[in-house]
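**Q** I'm passing along model_39.cif; it holds mmCIF, C-alpha atoms.
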```cif
data_input
#
loop_
_atom_site.label_atom_id
_atom_site.label_comp_id
_atom_site.auth_asym_id
_atom_site.auth_seq_id
_atom_site.Cartn_x
_atom_site.Cartn_y
_atom_site.Cartn_z
CA MET A 1 23.73 -28.74 6.20
CA LYS A 2 24.49 -25.90 8.58
CA TRP A 3 23.53 -23.15 6.19
CA TYR A 4 19.88 -24.16 5.91
CA GLY A 5 18.82 -22.63 9.20
CA SER A 6 20.46 -19.27 8.70
CA ALA A 7 19.52 -19.09 5.02
CA GLY A 8 15.91 -19.79 5.89
CA LEU A 9 16.02 -17.12 8.52
CA ALA A 10 17.52 -14.48 6.26
CA LEU A 11 15.02 -15.21 3.50
CA ALA A 12 12.15 -15.05 5.94
CA LEU A 13 13.24 -11.66 7.16
CA LEU A 14 13.43 -10.43 3.58
CA ALA A 15 9.94 -11.69 2.93
CA GLY A 16 8.58 -9.73 5.88
CA CYS A 17 7.26 -7.05 3.58
CA ALA A 18 4.93 -9.54 1.89
CA THR A 19 2.61 -9.65 4.88
CA SER A 20 -1.09 -9.48 4.09
CA PRO A 21 -3.49 -7.58 6.38
CA ASP A 22 -5.57 -10.49 7.76
CA ALA A 23 -2.61 -12.79 8.31
CA ASP A 24 -2.40 -15.03 11.35
CA PRO A 25 -0.42 -13.07 13.94
CA ARG A 26 1.76 -16.14 14.56
CA ASP A 27 2.59 -16.41 10.85
CA PRO A 28 3.40 -12.98 9.41
CA PHE A 29 5.56 -14.53 6.66
CA GLU A 30 2.77 -16.76 5.39
CA PRO A 31 3.20 -16.00 1.67
CA PHE A 32 6.92 -16.79 1.86
CA ASN A 33 6.31 -19.85 4.03
CA ARG A 34 3.72 -21.18 1.63
CA ALA A 35 6.22 -20.88 -1.22
CA VAL A 36 8.84 -22.86 0.69
CA TYR A 37 6.16 -25.35 1.68
CA LYS A 38 5.32 -25.88 -1.97
CA PHE A 39 8.99 -26.29 -2.82
CA ASN A 40 9.40 -28.85 -0.02
CA ASP A 41 6.36 -30.70 -1.31
CA VAL A 42 7.89 -30.99 -4.76
CA VAL A 43 11.18 -32.30 -3.34
CA ASP A 44 9.31 -34.66 -1.05
CA GLU A 45 7.19 -36.08 -3.82
CA ALA A 46 10.09 -36.39 -6.25
CA VAL A 47 12.80 -37.71 -3.93
CA ALA A 48 12.16 -38.10 -0.21
CA ARG A 49 8.88 -39.99 -0.25
CA PRO A 50 9.84 -42.49 -2.99
CA VAL A 51 13.18 -43.20 -1.30
CA ALA A 52 11.55 -43.57 2.11
CA THR A 53 8.83 -45.83 0.71
CA ALA A 54 11.40 -48.00 -1.03
CA TYR A 55 13.41 -48.16 2.20
CA ARG A 56 10.36 -49.22 4.17
CA ASP A 57 9.38 -51.85 1.61
CA ALA A 58 12.87 -53.25 1.03
CA VAL A 59 14.37 -53.22 4.52
CA HIS A 60 13.04 -55.59 7.16
CA VAL A 61 11.33 -53.94 10.10
CA GLN A 62 13.89 -55.32 12.56
CA ILE A 63 16.76 -53.76 10.64
CA ARG A 64 14.87 -50.47 10.44
CA ASP A 65 14.37 -50.59 14.21
CA ARG A 66 18.10 -51.05 14.66
CA VAL A 67 18.92 -48.16 12.36
CA ARG A 68 16.45 -45.97 14.27
CA ASN A 69 17.91 -47.10 17.61
CA PHE A 70 21.46 -46.41 16.44
CA PHE A 71 20.74 -42.79 15.52
CA SER A 72 18.45 -42.38 18.50
CA ASN A 73 21.36 -43.36 20.76
CA ILE A 74 23.61 -40.73 19.18
CA GLY A 75 20.82 -38.22 19.63
CA ASP A 76 20.46 -39.04 23.33
CA VAL A 77 23.84 -37.39 24.04
CA PHE A 78 22.56 -33.90 23.28
CA ILE A 79 19.10 -34.66 24.61
CA GLY A 80 20.94 -35.17 27.90
CA VAL A 81 22.91 -31.95 27.48
CA ASN A 82 19.68 -30.07 26.84
CA ASN A 83 17.99 -31.58 29.87
CA VAL A 84 20.91 -30.43 32.03
CA LEU A 85 20.79 -26.97 30.45
CA GLN A 86 17.12 -26.83 31.39
CA GLY A 87 17.93 -27.78 34.97
CA LYS A 88 16.33 -31.20 34.67
CA PHE A 89 19.27 -33.08 36.14
CA PHE A 90 17.45 -36.33 36.83
CA GLU A 91 16.24 -36.56 33.21
CA GLY A 92 19.73 -35.64 32.01
CA PHE A 93 21.19 -38.38 34.17
CA GLU A 94 18.67 -40.82 32.66
CA ASP A 95 19.77 -39.80 29.17
CA PHE A 96 23.43 -40.47 29.95
CA MET A 97 22.48 -43.82 31.48
CA ARG A 98 20.61 -44.60 28.28
CA VAL A 99 23.68 -43.82 26.18
CA THR A 100 25.87 -45.88 28.49
CA PHE A 101 23.64 -48.97 28.46
CA ASN A 102 22.66 -48.76 24.81
CA SER A 103 26.22 -48.18 23.57
CA THR A 104 27.55 -51.19 25.49
CA LEU A 105 24.86 -53.80 26.18
CA GLY A 106 22.91 -52.50 23.19
CA ILE A 107 25.96 -52.95 20.90
CA PHE A 108 26.68 -49.41 19.62
CA GLY A 109 23.08 -48.46 20.21
CA ILE A 110 21.37 -50.81 17.77
CA HIS A 111 19.29 -52.25 20.61
CA ASP A 112 17.32 -49.94 22.87
CA VAL A 113 17.94 -51.99 26.01
CA ALA A 114 17.52 -48.91 28.20
CA SER A 115 13.83 -48.59 27.28
CA ASP A 116 13.35 -52.26 28.16
CA MET A 117 14.96 -51.50 31.51
CA GLY A 118 12.41 -48.75 32.03
CA ILE A 119 14.62 -45.74 31.27
CA GLU A 120 12.42 -43.88 28.83
CA LYS A 121 13.61 -41.80 25.93
CA HIS A 122 13.07 -38.04 26.14
CA ASN A 123 12.47 -35.46 23.47
CA GLU A 124 14.65 -32.37 23.82
CA ASP A 125 16.55 -29.98 21.55
CA PHE A 126 18.01 -26.49 21.71
CA GLY A 127 14.76 -24.90 20.52
CA GLN A 128 13.00 -26.37 23.56
CA THR A 129 15.84 -25.26 25.83
CA PHE A 130 15.51 -21.67 24.56
CA GLY A 131 11.76 -21.97 25.17
CA ARG A 132 12.37 -23.22 28.69
CA TRP A 133 14.65 -20.26 29.28
CA GLY A 134 11.78 -18.00 28.35
CA ALA A 135 12.53 -17.21 24.70
CA VAL A 136 9.36 -16.53 22.72
CA GLU A 137 8.79 -18.60 19.58
CA GLY A 138 8.77 -15.67 17.22
CA PRO A 139 7.09 -15.99 13.84
CA TYR A 140 6.42 -19.38 12.29
CA LEU A 141 8.95 -20.39 9.63
CA VAL A 142 9.02 -23.11 7.01
CA LEU A 143 12.65 -24.11 6.44
CA PRO A 144 13.72 -25.51 3.09
CA ILE A 145 13.80 -29.34 3.25
CA PHE A 146 13.41 -29.46 7.05
CA GLY A 147 9.95 -27.91 7.15
CA SER A 148 8.05 -26.47 10.09
CA SER A 149 9.93 -24.26 12.52
CA THR A 150 9.85 -20.88 14.20
CA VAL A 151 12.52 -18.22 14.56
CA ARG A 152 13.40 -19.61 17.99
CA ASP A 153 13.33 -23.23 16.86
CA GLY A 154 15.23 -22.35 13.69
CA LEU A 155 18.09 -20.93 15.77
CA GLY A 156 17.86 -23.98 18.00
CA PHE A 157 17.96 -26.21 14.98
CA ALA A 158 21.11 -24.51 13.69
CA LEU A 159 22.72 -25.28 17.04
CA ASP A 160 21.40 -28.87 16.93
CA VAL A 161 23.07 -29.32 13.57
CA TYR A 162 26.27 -27.64 14.76
CA THR A 163 26.56 -29.94 17.78
CA ASP A 164 25.38 -33.05 15.90
CA PRO A 165 27.91 -35.84 16.69
CA LEU A 166 27.55 -36.98 13.08
CA GLU A 167 29.09 -33.68 11.94
CA GLY A 168 32.49 -34.82 13.21
CA VAL A 169 32.50 -38.11 11.31
CA ARG A 170 35.22 -38.39 8.68
CA PRO A 171 35.73 -39.17 5.81
CA ILE A 172 33.08 -36.83 4.52
CA ASN A 173 31.39 -39.39 2.29
CA VAL A 174 30.84 -41.69 5.28
CA ARG A 175 29.32 -38.80 7.22
CA ASN A 176 27.07 -37.93 4.27
CA SER A 177 25.93 -41.52 3.85
CA LEU A 178 25.06 -41.74 7.53
CA ALA A 179 23.20 -38.44 7.38
CA ALA A 180 21.27 -39.64 4.31
CA LEU A 181 20.38 -42.91 6.03
CA ARG A 182 19.16 -41.04 9.09
CA LEU A 183 17.01 -38.71 6.97
CA THR A 184 15.59 -41.65 5.02
CA GLY A 185 14.69 -43.46 8.22
CA THR A 186 13.09 -40.38 9.69
CA ARG A 187 11.01 -39.79 6.57
CA ALA A 188 10.02 -43.47 6.48
CA ASP A 189 8.76 -43.20 10.06
CA LEU A 190 6.64 -40.24 8.98
CA LEU A 191 5.01 -41.92 5.98
CA ASP A 192 1.88 -42.82 7.93
CA ALA A 193 1.72 -39.40 9.56
CA SER A 194 1.79 -37.60 6.22
CA ARG A 195 -0.99 -39.83 4.92
CA ILE A 196 -3.11 -39.03 7.98
CA LEU A 197 -2.35 -35.33 7.53
CA GLU A 198 -3.53 -35.46 3.94
CA GLN A 199 -6.79 -37.09 5.05
CA ALA A 200 -7.40 -34.78 8.00
CA ALA A 201 -6.64 -31.32 6.66
CA LEU A 202 -8.80 -28.98 4.65
CA ASP A 203 -5.72 -26.83 4.07
CA ARG A 204 -2.61 -28.91 4.69
CA TYR A 205 -0.39 -25.87 5.25
CA VAL A 206 -2.60 -24.43 8.01
CA PHE A 207 -3.22 -27.81 9.64
CA GLN A 208 0.47 -28.69 9.74
CA ARG A 209 1.43 -25.25 11.04
CA ASP A 210 -1.09 -25.34 13.86
CA ALA A 211 -0.15 -28.90 14.78
CA TYR A 212 3.54 -27.94 14.85
CA LEU A 213 2.94 -24.93 17.08
CA GLN A 214 0.76 -26.97 19.46
CA ARG A 215 3.28 -29.79 19.52
CA ARG A 216 6.26 -27.56 20.28
CA ARG A 217 4.36 -25.80 23.03
CA SER A 218 3.57 -29.17 24.57
CA LEU A 219 7.20 -30.30 24.26
CA VAL A 220 8.61 -27.16 25.89
CA TYR A 221 6.36 -27.88 28.87
CA ASP A 222 7.17 -31.62 28.71
CA GLY A 223 3.63 -32.61 27.86
CA ARG A 224 1.98 -30.47 30.52
CA PRO A 225 1.35 -27.09 28.90
CA PRO A 226 -1.09 -24.70 30.53
CA ARG A 227 -4.55 -25.64 29.32
CA PRO A 228 -5.59 -23.71 26.20
CA ARG A 229 -8.29 -21.20 27.00
CA TYR A 230 -11.45 -21.53 24.98
CA ASP A 231 -12.58 -17.97 25.56
CA ASP A 232 -15.27 -18.08 22.95
CA GLU A 233 -16.53 -21.49 23.91
CA PRO A 234 -20.28 -21.70 23.28
CA VAL A 235 -22.15 -21.62 26.58
CA ASN A 236 -24.41 -24.56 25.95
CA ARG A 237 -22.91 -27.10 23.57
CA GLU A 238 -25.74 -29.56 24.07
CA SER A 239 -28.41 -27.30 22.62
CA ARG A 240 -29.23 -27.70 18.98
CA MET B 1 -43.27 -42.60 49.91
CA ARG B 2 -39.73 -43.36 50.92
CA THR B 3 -40.21 -47.05 50.07
CA ILE B 4 -41.39 -46.22 46.61
CA THR B 5 -38.37 -44.02 45.97
CA LEU B 6 -36.11 -46.77 47.26
CA VAL B 7 -37.71 -49.44 45.08
CA ALA B 8 -37.65 -47.17 42.06
CA GLY B 9 -34.03 -46.35 42.85
CA LEU B 10 -33.10 -50.01 43.01
CA LEU B 11 -34.83 -50.70 39.72
CA ILE B 12 -33.15 -47.84 37.93
CA ALA B 13 -29.72 -48.25 39.51
CA PRO B 14 -28.51 -51.15 37.36
CA LEU B 15 -29.51 -49.27 34.20
CA VAL B 16 -27.67 -46.17 35.26
CA LEU B 17 -24.62 -48.16 36.28
CA ALA B 18 -24.53 -49.96 32.96
CA GLN B 19 -24.61 -46.66 31.14
CA ALA B 20 -22.08 -44.81 33.24
CA GLN B 21 -19.16 -47.17 32.81
CA ALA B 22 -16.13 -45.39 34.24
CA PRO B 23 -14.42 -43.35 31.50
CA ASP B 24 -10.99 -44.98 31.82
CA VAL B 25 -12.52 -48.46 31.78
CA LEU B 26 -14.54 -47.50 28.73
CA VAL B 27 -11.46 -46.28 26.82
CA LYS B 28 -9.52 -49.40 27.70
CA ASN B 29 -12.34 -51.76 26.73
CA VAL B 30 -13.03 -50.05 23.42
CA THR B 31 -9.33 -49.81 22.50
CA THR B 32 -8.70 -53.45 23.36
CA GLU B 33 -11.76 -54.61 21.46
CA VAL B 34 -11.05 -52.56 18.34
CA VAL B 35 -7.35 -53.50 18.18
CA ASP B 36 -8.29 -57.13 18.67
CA LEU B 37 -10.91 -57.03 15.90
CA ILE B 38 -8.49 -55.36 13.51
CA SER B 39 -5.68 -57.81 14.09
CA LYS B 40 -8.08 -60.72 13.51
CA ASP B 41 -9.66 -59.31 10.35
CA LYS B 42 -7.77 -60.28 7.20
CA ASP B 43 -9.70 -57.86 4.97
CA ILE B 44 -8.93 -54.85 7.14
CA ARG B 45 -5.29 -55.79 7.44
CA ALA B 46 -5.14 -56.11 3.66
CA GLY B 47 -6.36 -52.51 3.42
CA ASP B 48 -10.16 -52.74 3.14
CA ARG B 49 -10.95 -49.18 4.21
CA GLY B 50 -14.73 -49.57 3.89
CA LYS B 51 -14.79 -52.43 6.35
CA LEU B 52 -12.54 -50.54 8.77
CA ILE B 53 -14.89 -47.55 8.67
CA GLN B 54 -17.84 -49.88 9.37
CA LEU B 55 -16.00 -51.22 12.39
CA ILE B 56 -15.31 -47.71 13.66
CA GLU B 57 -18.93 -46.71 13.14
CA ALA B 58 -20.16 -49.68 15.13
CA LYS B 59 -17.64 -49.71 17.97
CA VAL B 60 -16.12 -46.24 18.35
CA LEU B 61 -18.67 -43.68 17.14
CA PRO B 62 -21.19 -44.22 19.94
CA HIS B 63 -18.61 -42.99 22.44
CA PHE B 64 -17.91 -39.67 20.72
CA ASN B 65 -19.94 -36.50 21.05
CA PHE B 66 -19.53 -35.03 17.58
CA GLN B 67 -21.75 -32.08 18.25
CA SER B 68 -19.50 -30.98 21.11
CA MET B 69 -16.45 -31.48 18.91
CA THR B 70 -17.91 -29.41 16.09
CA ALA B 71 -19.00 -26.68 18.50
CA LEU B 72 -15.53 -26.52 20.06
CA ALA B 73 -13.78 -26.49 16.69
CA MET B 74 -15.96 -23.61 15.52
CA GLY B 75 -15.76 -21.52 18.67
CA ALA B 76 -17.91 -18.40 18.60
CA SER B 77 -19.17 -19.10 15.06
CA TRP B 78 -21.15 -22.09 16.36
CA ASN B 79 -23.76 -19.88 17.99
CA LYS B 80 -24.28 -18.00 14.71
CA ALA B 81 -25.24 -21.18 12.85
CA SER B 82 -28.87 -22.18 12.37
CA PRO B 83 -30.05 -25.54 13.77
CA GLU B 84 -29.99 -27.01 10.26
CA GLN B 85 -26.46 -25.71 9.63
CA LYS B 86 -25.36 -27.14 12.97
CA ARG B 87 -26.76 -30.52 12.03
CA GLN B 88 -25.03 -30.52 8.64
CA LEU B 89 -21.73 -29.22 9.99
CA THR B 90 -21.70 -31.94 12.65
CA GLU B 91 -22.46 -34.59 10.04
CA GLU B 92 -19.67 -33.47 7.68
CA PHE B 93 -17.11 -33.02 10.46
CA LYS B 94 -17.99 -36.47 11.74
CA THR B 95 -17.36 -38.01 8.31
CA LEU B 96 -14.00 -36.24 8.10
CA LEU B 97 -12.94 -37.32 11.59
CA VAL B 98 -14.01 -40.93 11.10
CA ARG B 99 -11.94 -41.18 7.94
CA THR B 100 -8.98 -39.55 9.63
CA TYR B 101 -9.34 -42.00 12.48
CA ALA B 102 -9.47 -44.84 9.97
CA SER B 103 -6.19 -43.82 8.35
CA ALA B 104 -4.62 -43.57 11.79
CA LEU B 105 -5.85 -47.02 12.74
CA ALA B 106 -4.71 -48.48 9.42
CA ALA B 107 -1.18 -47.47 10.43
CA TYR B 108 -1.44 -49.49 13.63
CA SER B 109 1.13 -52.26 13.82
CA GLU B 110 1.27 -54.01 17.14
CA GLN B 111 2.36 -51.08 19.28
CA ARG B 112 1.71 -51.58 22.97
CA PHE B 113 -0.77 -49.46 24.92
CA GLU B 114 -0.23 -48.33 28.46
CA TYR B 115 -3.24 -47.08 30.41
CA ARG B 116 -2.55 -44.47 33.01
CA PRO B 117 -4.56 -44.37 36.22
CA LEU B 118 -7.43 -41.91 36.09
CA ARG B 119 -6.97 -38.87 38.30
CA ALA B 120 -10.51 -37.67 38.93
CA LYS B 121 -13.07 -37.36 41.68
CA PRO B 122 -16.23 -39.48 41.41
CA THR B 123 -18.25 -36.27 41.11
CA ASP B 124 -16.28 -34.96 38.12
CA THR B 125 -18.19 -34.60 34.88
CA ASP B 126 -15.21 -33.68 32.71
CA VAL B 127 -12.12 -35.88 32.80
CA THR B 128 -8.99 -36.69 30.78
CA VAL B 129 -8.20 -40.35 30.16
CA GLN B 130 -4.53 -40.88 29.38
CA VAL B 131 -3.17 -43.65 27.20
CA ARG B 132 0.40 -44.02 25.94
CA VAL B 133 1.60 -45.81 22.84
CA ILE B 134 4.96 -47.49 23.41
CA GLN B 135 7.44 -47.95 20.57
CA SER B 136 11.05 -49.09 20.53
CA GLY B 137 13.67 -46.37 20.03
CA ALA B 138 11.15 -43.56 20.29
CA GLN B 139 9.56 -41.49 22.99
CA PRO B 140 6.15 -42.91 23.99
CA VAL B 141 3.28 -41.06 22.32
CA PRO B 142 0.66 -39.82 24.76
CA ILE B 143 -3.00 -39.91 23.69
CA ASP B 144 -5.36 -37.96 25.92
CA TYR B 145 -9.11 -38.36 25.59
CA SER B 146 -11.11 -35.43 26.95
CA MET B 147 -14.43 -36.86 28.07
CA GLU B 148 -17.65 -35.40 29.41
CA LYS B 149 -20.45 -37.10 31.30
CA THR B 150 -23.74 -37.03 29.41
CA SER B 151 -27.09 -38.68 29.92
CA GLY B 152 -25.92 -41.38 27.51
CA GLY B 153 -22.71 -42.19 29.39
CA TRP B 154 -19.21 -40.75 29.01
CA LYS B 155 -18.44 -39.25 25.61
CA VAL B 156 -15.18 -38.12 24.05
CA TYR B 157 -15.16 -34.49 22.90
CA ASP B 158 -11.48 -34.05 22.08
CA VAL B 159 -8.43 -36.21 21.42
CA MET B 160 -4.90 -34.97 22.05
CA VAL B 161 -2.08 -36.84 20.34
CA GLY B 162 1.42 -35.92 21.45
CA GLY B 163 0.11 -32.66 22.88
CA VAL B 164 -1.80 -31.71 19.72
CA SER B 165 -5.51 -31.22 20.25
CA LEU B 166 -7.47 -32.41 17.26
CA VAL B 167 -10.34 -30.03 17.89
CA ALA B 168 -8.12 -27.00 18.52
CA ASN B 169 -6.20 -27.78 15.35
CA TYR B 170 -9.28 -27.16 13.22
CA ARG B 171 -10.02 -23.85 14.91
CA THR B 172 -7.88 -21.49 12.85
CA GLU B 173 -9.02 -23.08 9.66
CA PHE B 174 -12.71 -23.08 10.54
CA ASN B 175 -12.61 -19.51 11.82
CA GLY B 176 -10.71 -18.29 8.76
CA THR B 177 -13.19 -19.92 6.40
CA VAL B 178 -16.19 -18.57 8.28
CA ARG B 179 -14.66 -15.07 8.26
CA ASN B 180 -14.07 -15.16 4.51
CA SER B 181 -17.06 -17.08 3.17
CA GLY B 182 -19.51 -17.56 6.03
CA ILE B 183 -20.85 -20.70 7.64
CA ASP B 184 -22.17 -21.97 4.31
CA GLY B 185 -18.67 -21.55 2.89
CA LEU B 186 -17.26 -23.77 5.61
CA LEU B 187 -19.99 -26.32 5.03
CA LYS B 188 -19.21 -26.37 1.31
CA ASN B 189 -15.50 -26.77 2.06
CA LEU B 190 -16.13 -29.75 4.30
CA GLN B 191 -18.50 -31.32 1.80
CA SER B 192 -16.08 -31.01 -1.10
CA LYS B 193 -13.22 -32.36 1.03
CA ASN B 194 -15.31 -35.40 1.97
CA ARG B 195 -16.42 -35.89 -1.62
CA ALA B 196 -12.88 -35.60 -2.98
CA VAL B 197 -11.69 -38.31 -0.62
CA THR B 198 -14.56 -40.61 -1.58
CA GLU B 199 -13.81 -40.24 -5.28
CA LYS B 200 -10.11 -40.87 -4.80
CA LYS B 201 -10.79 -44.34 -3.44
#
```
Turn this file's structure into structure tokens for me.
**A**
Amino acid sequence: MKWYGSAGLALALLAGCATSPDADPRDPFEPFNRAVYKFNDVVDEAVARPVATAYRDAVHVQIRDRVRNFFSNIGDVFIGVNNVLQGKFFEGFEDFMRVTFNSTLGIFGIHDVASDMGIEKHNEDFGQTFGRWGAVEGPYLVLPIFGSSTVRDGLGFALDVYTDPLEGVRPINVRNSLAALRLTGTRADLLDASRILEQAALDRYVFQRDAYLQRRRSLVYDGRPPRPRYDDEPVNRESR
Amino acid sequence: MRTITLVAGLLIAPLVLAQAQAPDVLVKNVTTEVVDLISKDKDIRAGDRGKLIQLIEAKVLPHFNFQSMTALAMGASWNKASPEQKRQLTEEFKTLLVRTYASALAAYSEQRFEYRPLRAKPTDTDVTVQVRVIQSGAQPVPIDYSMEKTSGGWKVYDVMVGGVSLVANYRTEFNGTVRNSGIDGLLKNLQSKNRAVTEKK
């Protein structure tokens, strides 16, 4: 799985010449990105969505919660590392407490007892850490299979995959099965979101891109980004 | 003279108070009521989208200022629209948002809401009401309602879910369409989107 990030990056750089004049400055590779987006859509419709839907329909919600908790617990290890790298030592400490409680009392992480104890889950990754360190996002990128990203987040994602505890699991077929289960669960959790997206957007590509960029900005600032400036806000909104 | 003002003030006061329910109380009451109605309604839970939209129109719509939302989503283009175009744009955007809201509500399955204390001065006319949706094994999802004080009580003019502003998210799209095909082009786009969704049902 490691090659996806770098392959996406290389392709995006190649596609740089395809920029159209009135492109969004945040998305200079739009024609390339749209092509990957279309490809992802085909894969999603043919494989990911049917599998995820079947998973959601066939597997009881309690079991799905446990599967989600199990992978979430594994993920907390590097969420903690990233919090420490960002200088947020208290949050990092909370993450390691989560792993400790959930791996023991929560039986290998299948129960999220830490959340019940009031130790909340965080959302961190290397892309956010780079952002915290001051790295700019760079152009928007659509990665094959994994979707929305930016140059910064793509590099972060490559590192996320590289440090993924699942990567070390052997034999290979066990690792692959676990990775497939995790992907299926993740896609199943997003089934509602993709339905809402379809309803909301005039142009799904643009809507998803803008939502991704807003979301990442919010995450880098831990939910408290500087307020967006509405420079061209109409003076009197009440007037008809 | 002073007595008359006082008497008039006393007479009007209850009316004003009833209208200007505190914004955080309003959000909590409406959320609780709507979630309660949905979980009791067998038709809606079985997927009756028409009935869900009726419920939203009756209970939620009165607390949104769709004209503000449309104006914010359009940015500078709003002032270039004629009054009739403004009316139509607001109407179409409202339809789109209500349906989007309906598909979001249809996905609701007994998540817990946590209401954060409102940080605002009594004199503020623009506040953010913060709610969080709690789920097991996942980070809580924050929902922020941006609300403004109007003569008809507090009204929502933007909703932020997980740091994504709904209104801001339409900006690029709206501006791009207006740049390429004018305000009428945007209106047509919205109309055909709303029609396409109706036919699909």
**Q** Using Å and a single decimal, report how far atom CA of Val77 of chain A sits from atom CA of Leu105 of chain A.
**A**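 Distance reported for this atom pair: 16.6 Å.
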**Q** Please return, as number ranges by chain, all residues of chain B lying within 8 Å of chain A when all atoms listed in the file are considered.
**A** B: 67-68, 71-72, 75-76, 78-79, 83, 86-87, 96-97, 99-100, 103-104, 107, 136-140, 162-165, 169-170, 172-173, 189-190, 193, 197
**Q** Residues within 8 Å of Asp184 of chain B, please, as a list in words. Count only C-alpha atoms; anything in the same chain fewer than 4 positions from it doesn't count.
**A** Gln85, Val178 and Lys188 of chain B
**Q** Under the rule that only C-alpha atoms are counted, which of B:Phe66, B:Leu55, B:Phe93, B:Arg45 is the nearest residue to Leu187 of chain B?
**A**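 Using only C-alpha atoms, Leu187 of chain B sits closest to B:Phe93.
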**Q** Taking the file as shown, what set of residues would the PyMOL selection byres ((chain B and resi 44) around 12) give back, as a ChimeraX atom specification?
**A** /B:34-43,45-56,102-103,105-108
**Q** Find the residue from B:Val127, B:His63, B:Ser146, B:Val98 that sits nearest to Leu26 of chain B; use all atoms listed in the file when measuring.
**A** B:His63
**Q** For atom CA of Ile143 of chain B and atom CA of Pro117 of chain B, determine how far apart the two atoms are, in Å to one decimal place.
**A**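 Separation between atom CA of Ile143 of chain B and atom CA of Pro117 of chain B: 13.4 Å.
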**Q** Could you build a table of the residues in segment 8-114 of chain A lying no more than 8 Å from segment 181-188 of chain A, giving for each the nearest pair of atoms and their separation in Å rounded to one decimal place, using all atoms listed in the file, ordered by chain and ascending residue number, as JSON lines?
**A**
```
{"residue": "A:Ala48", "atom": "CA", "partner": "A:Arg187", "partner_atom": "CA", "distance": 7.1}
{"residue": "A:Arg49", "atom": "CA", "partner": "A:Arg187", "partner_atom": "CA", "distance": 7.1}
{"residue": "A:Val51", "atom": "CA", "partner": "A:Thr184", "partner_atom": "CA", "distance": 6.9}
{"residue": "A:Ala52", "atom": "CA", "partner": "A:Ala188", "partner_atom": "CA", "distance": 4.6}
{"residue": "A:Thr53", "atom": "CA", "partner": "A:Ala188", "partner_atom": "CA", "distance": 6.3}
{"residue": "A:Tyr55", "atom": "CA", "partner": "A:Ala188", "partner_atom": "CA", "distance": 7.2}
{"residue": "A:Arg56", "atom": "CA", "partner": "A:Ala188", "partner_atom": "CA", "distance": 6.2}
{"residue": "A:Arg64", "atom": "CA", "partner": "A:Gly185", "partner_atom": "CA", "distance": 7.4}
{"residue": "A:Val67", "atom": "CA", "partner": "A:Gly185", "partner_atom": "CA", "distance": 7.6}
{"residue": "A:Arg68", "atom": "CA", "partner": "A:Gly185", "partner_atom": "CA", "distance": 6.8}
{"residue": "A:Phe71", "atom": "CA", "partner": "A:Arg182", "partner_atom": "CA", "distance": 6.8}
```
**Q** Convert the current residue selection to file output with C-alpha atoms, as a PDB file, keeping the file's coordinate frame.
**A**
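The result, stored in again.pdb:
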```pdb
ATOM      1  CA  ALA A  48      12.160 -38.100  -0.210  1.00  0.00           C
ATOM      2  CA  ARG A  49       8.880 -39.990  -0.250  1.00  0.00           C
ATOM      3  CA  VAL A  51      13.180 -43.200  -1.300  1.00  0.00           C
ATOM      4  CA  ALA A  52      11.550 -43.570   2.110  1.00  0.00           C
ATOM      5  CA  THR A  53       8.830 -45.830   0.710  1.00  0.00           C
ATOM      6  CA  TYR A  55      13.410 -48.160   2.200  1.00  0.00           C
ATOM      7  CA  ARG A  56      10.360 -49.220   4.170  1.00  0.00           C
ATOM      8  CA  ARG A  64      14.870 -50.470  10.440  1.00  0.00           C
ATOM      9  CA  VAL A  67      18.920 -48.160  12.360  1.00  0.00           C
ATOM     10  CA  ARG A  68      16.450 -45.970  14.270  1.00  0.00           C
ATOM     11  CA  PHE A  71      20.740 -42.790  15.520  1.00  0.00           C
TER      12      PHE A  71
END
```
**Q** Could you spell out the hits of the PyMOL selection byres ((chain A and resi 134-144) around 7) on the shown file, as a PyMOL selection string?
**A** chain A and resi 4-5+8+26-28+33+36-37+40+130-133+145-152
**Q** Tell me, as an mmCIF file with C-alpha atoms, keeping the file's coordinate frame, which residues lie within 12 Å of Asp144 of chain B, counting all atoms listed in the file; anything in the same chain fewer than 4 positions away does not count.
**A**
```
data_model
loop_
_atom_site.group_PDB
_atom_site.id
_atom_site.type_symbol
_atom_site.label_atom_id
_atom_site.label_comp_id
_atom_site.auth_asym_id
_atom_site.auth_seq_id
_atom_site.Cartn_x
_atom_site.Cartn_y
_atom_site.Cartn_z
ATOM 1 C CA GLY A 223 3.630 -32.610 27.860
ATOM 2 C CA ARG A 224 1.980 -30.470 30.520
ATOM 3 C CA PRO B 23 -14.420 -43.350 31.500
ATOM 4 C CA ASP B 24 -10.990 -44.980 31.820
ATOM 5 C CA VAL B 27 -11.460 -46.280 26.820
ATOM 6 C CA GLU B 114 -0.230 -48.330 28.460
ATOM 7 C CA TYR B 115 -3.240 -47.080 30.410
ATOM 8 C CA ARG B 116 -2.550 -44.470 33.010
ATOM 9 C CA LEU B 118 -7.430 -41.910 36.090
ATOM 10 C CA VAL B 127 -12.120 -35.880 32.800
ATOM 11 C CA THR B 128 -8.990 -36.690 30.780
ATOM 12 C CA VAL B 129 -8.200 -40.350 30.160
ATOM 13 C CA GLN B 130 -4.530 -40.880 29.380
ATOM 14 C CA VAL B 131 -3.170 -43.650 27.200
ATOM 15 C CA ARG B 132 0.400 -44.020 25.940
ATOM 16 C CA VAL B 133 1.600 -45.810 22.840
ATOM 17 C CA VAL B 156 -15.180 -38.120 24.050
ATOM 18 C CA TYR B 157 -15.160 -34.490 22.900
ATOM 19 C CA ASP B 158 -11.480 -34.050 22.080
ATOM 20 C CA VAL B 159 -8.430 -36.210 21.420
ATOM 21 C CA MET B 160 -4.900 -34.970 22.050
ATOM 22 C CA VAL B 161 -2.080 -36.840 20.340
ATOM 23 C CA GLY B 162 1.420 -35.920 21.450
ATOM 24 C CA GLY B 163 0.110 -32.660 22.880
ATOM 25 C CA VAL B 164 -1.800 -31.710 19.720
ATOM 26 C CA SER B 165 -5.510 -31.220 20.250
ATOM 27 C CA LEU B 166 -7.470 -32.410 17.260
#
```
